[in-house]
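Notes to accompany the following structure.
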Amino acid sequence: MMTIREALALGREQLQHVSPTAVLDTRLLLQFVLGVTHSFLVAHDDEELTAVQQQQYTALLRRAQQKEPIPYLIGTAPFYGMDFAVSPAVLIPRPETEELVELAINWARPRGAVQAVDVGTGSGCIAISLAANLPQAQVTAVDISPAALAIAQQNAHHHTPGRIQFHQGALLSPLSHSVDLIAANLPYITDEEWTDLDDGVKLYEPAVALKGGLDGLSLIQTLLYEATTKLNPGGLILLEIGWQQGAAALTLAQSVFPTAQVQVLPDLAGHDRIVRIDL
């Protein structure tokens with residue numbers, strides 16, 4: 001039988017050429033199989049895996065070697081201090097999107113009972129983070145995918161039960177009311193960028209949540225035009241964009257909202273990442 005120490009060493013060896021986070025990936029897989037915490041792995045590293053656990057672990061390592069994302073293998077991903085259930089029906093939450101959530105919360109908190117919508121909610125990570133941190137806000141989440149909505153509703157039931165209204169449909173079309181805040185991480189990968197994407201993303205994550213057309217801005221453009229009749233005066237739009245789309249997205253937003261204050265904000269790596277439109 002293999003000990004925890006040996007299992008971790010095996011995982012690091014097998015994943016070191018596949019993932020830049022091989023040490024973390026290995027730990028997460030083993031924690032998942034054993035159903036234990038990181039501190040348990042450290043304190044009990046001479047404990048042996050059962051035959052079944054060893055079999056499950058080596059099977060997951062094989063899948064990870066094929067670049068299947070770790071969050072899909074273990075069924076969860078962290079975001080804004082919470083763990084979210086994920087499946088190949090939804091995009092894996094990214095740290096950059098936490099910056100969009102932070103901006104939304106800082107804007108909405110002093111305004112009290114705002115109406116907010118998360119468009120293309122996926123796992124529900126944006127909507128749920130808003131609901132969890134803005135107790136007075138009324139939060140709506142929209143997605144075109146029934147499978148994604150099922151995951152988002154599962155996450156909402158766990159983290160913010162009864163706080164979010166869910167609608168299936170395209171962009172703002174399911175909304176019957178106007179809103180104060182529109183947040184969206186829509187598909188923005190261009191057709192050209194798609195061919196160069198890492199296999200772990202291209203082969204396993206949902207293309208419908210990633211591909212944004214020829215210039216990556218087709219859905220964003222439609223959303224902005226729809227927002228002209230759905231956003232209340234003094235409202236805010238926050239959009240995540242691709243790192244090469246800043247100039248084009250700025251021009252687009254200014255053409256649709258010529259009297260608004262429009263900014264393109266960088267992420268922590270210094271890349272253009274968020275379009276902010278203040279009406």
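Starting from 1 in every chain, residues are counted up; chains themselves are A, B, ... following the order of the structure tokens, and ligands are numbered from 1 as listed.
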
Task: Backbone DSSP call of strand (DSSP E or B) for range 90-120 of chain A, listed as an MDAnalysis selection string - done: chainID A and resid 115:119

Task: Test item: residues at most 12 Å from range 258-270 of chain A, only C-alpha atoms, excluding those fewer than 2 positions along its chain, as a PyMOL selection string - done: chain A and resi 94-100+102-103+224+228+233-256+272-279

Got time to write the residues from that selection, C-alpha atoms, as a CSV table (one decimal), in the first residue's frame?
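That gives us part-v6.csv:
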```
chain,number,residue,atom,x,y,z
A,94,ARG,CA,-11.3,32.7,-12.3
A,95,PRO,CA,-9.5,35.0,-9.8
A,96,GLU,CA,-9.8,38.0,-12.2
A,97,THR,CA,-13.5,37.9,-11.9
A,98,GLU,CA,-13.2,38.5,-8.2
A,99,GLU,CA,-12.0,42.0,-9.0
A,100,LEU,CA,-15.3,42.6,-10.9
A,102,GLU,CA,-15.2,43.7,-5.6
A,103,LEU,CA,-16.0,46.7,-7.8
A,224,LEU,CA,-24.9,47.0,-24.2
A,228,THR,CA,-30.0,51.1,-22.9
A,233,PRO,CA,-30.4,56.3,-14.5
A,234,GLY,CA,-27.3,56.5,-12.4
A,235,GLY,CA,-26.7,52.7,-12.9
A,236,LEU,CA,-23.5,50.8,-13.4
A,237,ILE,CA,-22.3,48.2,-15.9
A,238,LEU,CA,-19.3,46.0,-15.2
A,239,LEU,CA,-18.0,43.7,-18.0
A,240,GLU,CA,-15.1,41.3,-18.0
A,241,ILE,CA,-13.2,41.4,-21.3
A,242,GLY,CA,-10.1,39.8,-22.9
A,243,TRP,CA,-6.7,41.4,-22.2
A,244,GLN,CA,-6.4,42.6,-25.8
A,245,GLN,CA,-9.9,44.1,-26.1
A,246,GLY,CA,-9.5,47.2,-24.0
A,247,ALA,CA,-9.4,49.8,-26.8
A,248,ALA,CA,-12.2,48.2,-28.9
A,249,ALA,CA,-14.5,47.7,-25.9
A,250,LEU,CA,-13.9,51.3,-24.8
A,251,THR,CA,-14.9,52.6,-28.2
A,252,LEU,CA,-18.0,50.3,-28.3
A,253,ALA,CA,-19.2,51.3,-24.8
A,254,GLN,CA,-18.7,55.0,-25.6
A,255,SER,CA,-20.7,54.7,-28.8
A,256,VAL,CA,-23.6,53.0,-27.1
A,272,ASP,CA,-7.1,45.3,-19.5
A,273,ARG,CA,-9.8,43.2,-17.9
A,274,ILE,CA,-12.9,45.2,-16.9
A,275,VAL,CA,-15.1,47.8,-18.6
A,276,ARG,CA,-16.8,50.1,-16.2
A,277,ILE,CA,-19.7,52.2,-17.4
A,278,ASP,CA,-21.2,54.7,-15.0
A,279,LEU,CA,-24.4,56.3,-16.2
```

Task: Val142 in chain A environment, 9 Å, only C-alpha atoms, sequence neighbours closer than 3 positions dropped, as a list in words - done: Val117, Asp118, Val119, Gly120, Thr121, Gly122, Leu149, Gln165, Phe166, His167, Gln168, Gly169, Ala170, Leu171, Leu172, Pro174 and Leu175 of chain A

Write out as JSON lines a residue-level contact list of range 157-216 of chain A versus range 72-78 of chain A with cut-off 12 Å: for each qualifying residue the closest pair of atoms and the distance in Å to one decimal, counting only C-alpha atoms, rows sorted by chain and residue number upward.
```
{"residue": "A:Gly200", "atom": "CA", "partner": "A:Tyr72", "partner_atom": "CA", "distance": 10.8}
{"residue": "A:Val201", "atom": "CA", "partner": "A:Tyr72", "partner_atom": "CA", "distance": 11.3}
{"residue": "A:Tyr204", "atom": "CA", "partner": "A:Tyr72", "partner_atom": "CA", "distance": 8.7}
{"residue": "A:Glu205", "atom": "CA", "partner": "A:Tyr72", "partner_atom": "CA", "distance": 9.1}
{"residue": "A:Pro206", "atom": "CA", "partner": "A:Tyr72", "partner_atom": "CA", "distance": 11.7}
```

Task: Which of A:Arg5, A:His17, A:Arg12, A:His158 sits closest to Ala43 in chain A [using only C-alpha atoms] - done: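 Answer, going by the shortest atom-to-atom distance: A:Arg5.
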
Task: Per-residue DSSP, range 24-264 of chain A, filtered to alpha helix (DSSP H), as a VMD selection string - done: chain A and resid 24 to 34 38 to 43 51 to 65 70 to 74 95 to 108 125 to 133 146 to 159 191 to 196 199 to 202 218 to 230 246 to 256

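Atom pair CA of Thr26 in chain A / CA of Ile4 in chain A: separated by 11.0 Å.
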
Open item on the list: Applying 10 Å and only C-alpha atoms, which residues near range 66-71 of chain A remain after dropping the ones on its own chain fewer than 5 positions away? List them as a list in words.
Closed with: Leu15, Val18, Ser19, Leu24, Asp25, Thr26, Leu28, Leu29, Leu60, Leu61, Thr76, Ala77, Pro78, Phe84, Ala85, Val86, Ser87, Pro88, Ile92, Pro93, Asp198, Asp199, Gly200, Val201, Leu203, Tyr204 and Glu205 of chain A

Open item on the list: At a cut-off of 12 Å, using only C-alpha atoms, what residues contact range 105-114 of chain A? Leave out same-chain residues fewer than 6 positions from it and give the result as a ChimeraX atom specification.
Closed with: /A:80,98-99,126-140,178-183,231-232,234-238,276-278

Open item on the list: At a cut-off of 6 Å, using only C-alpha atoms, what residues contact range 207-217 of chain A? Leave out same-chain residues fewer than 3 positions from it and give the result as a list in words.
Closed with: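 Near neighbours after the sequence-gap exclusion: Pro187, Tyr188, Ile189, Thr190, Asp191, Ile220 and Gln221 of chain A.
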
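Closest approach to Ala51 in chain A from the set A:Ala9, A:Ala89, A:Met2, A:Leu30 is made by A:Met2, with distances taken over only C-alpha atoms.
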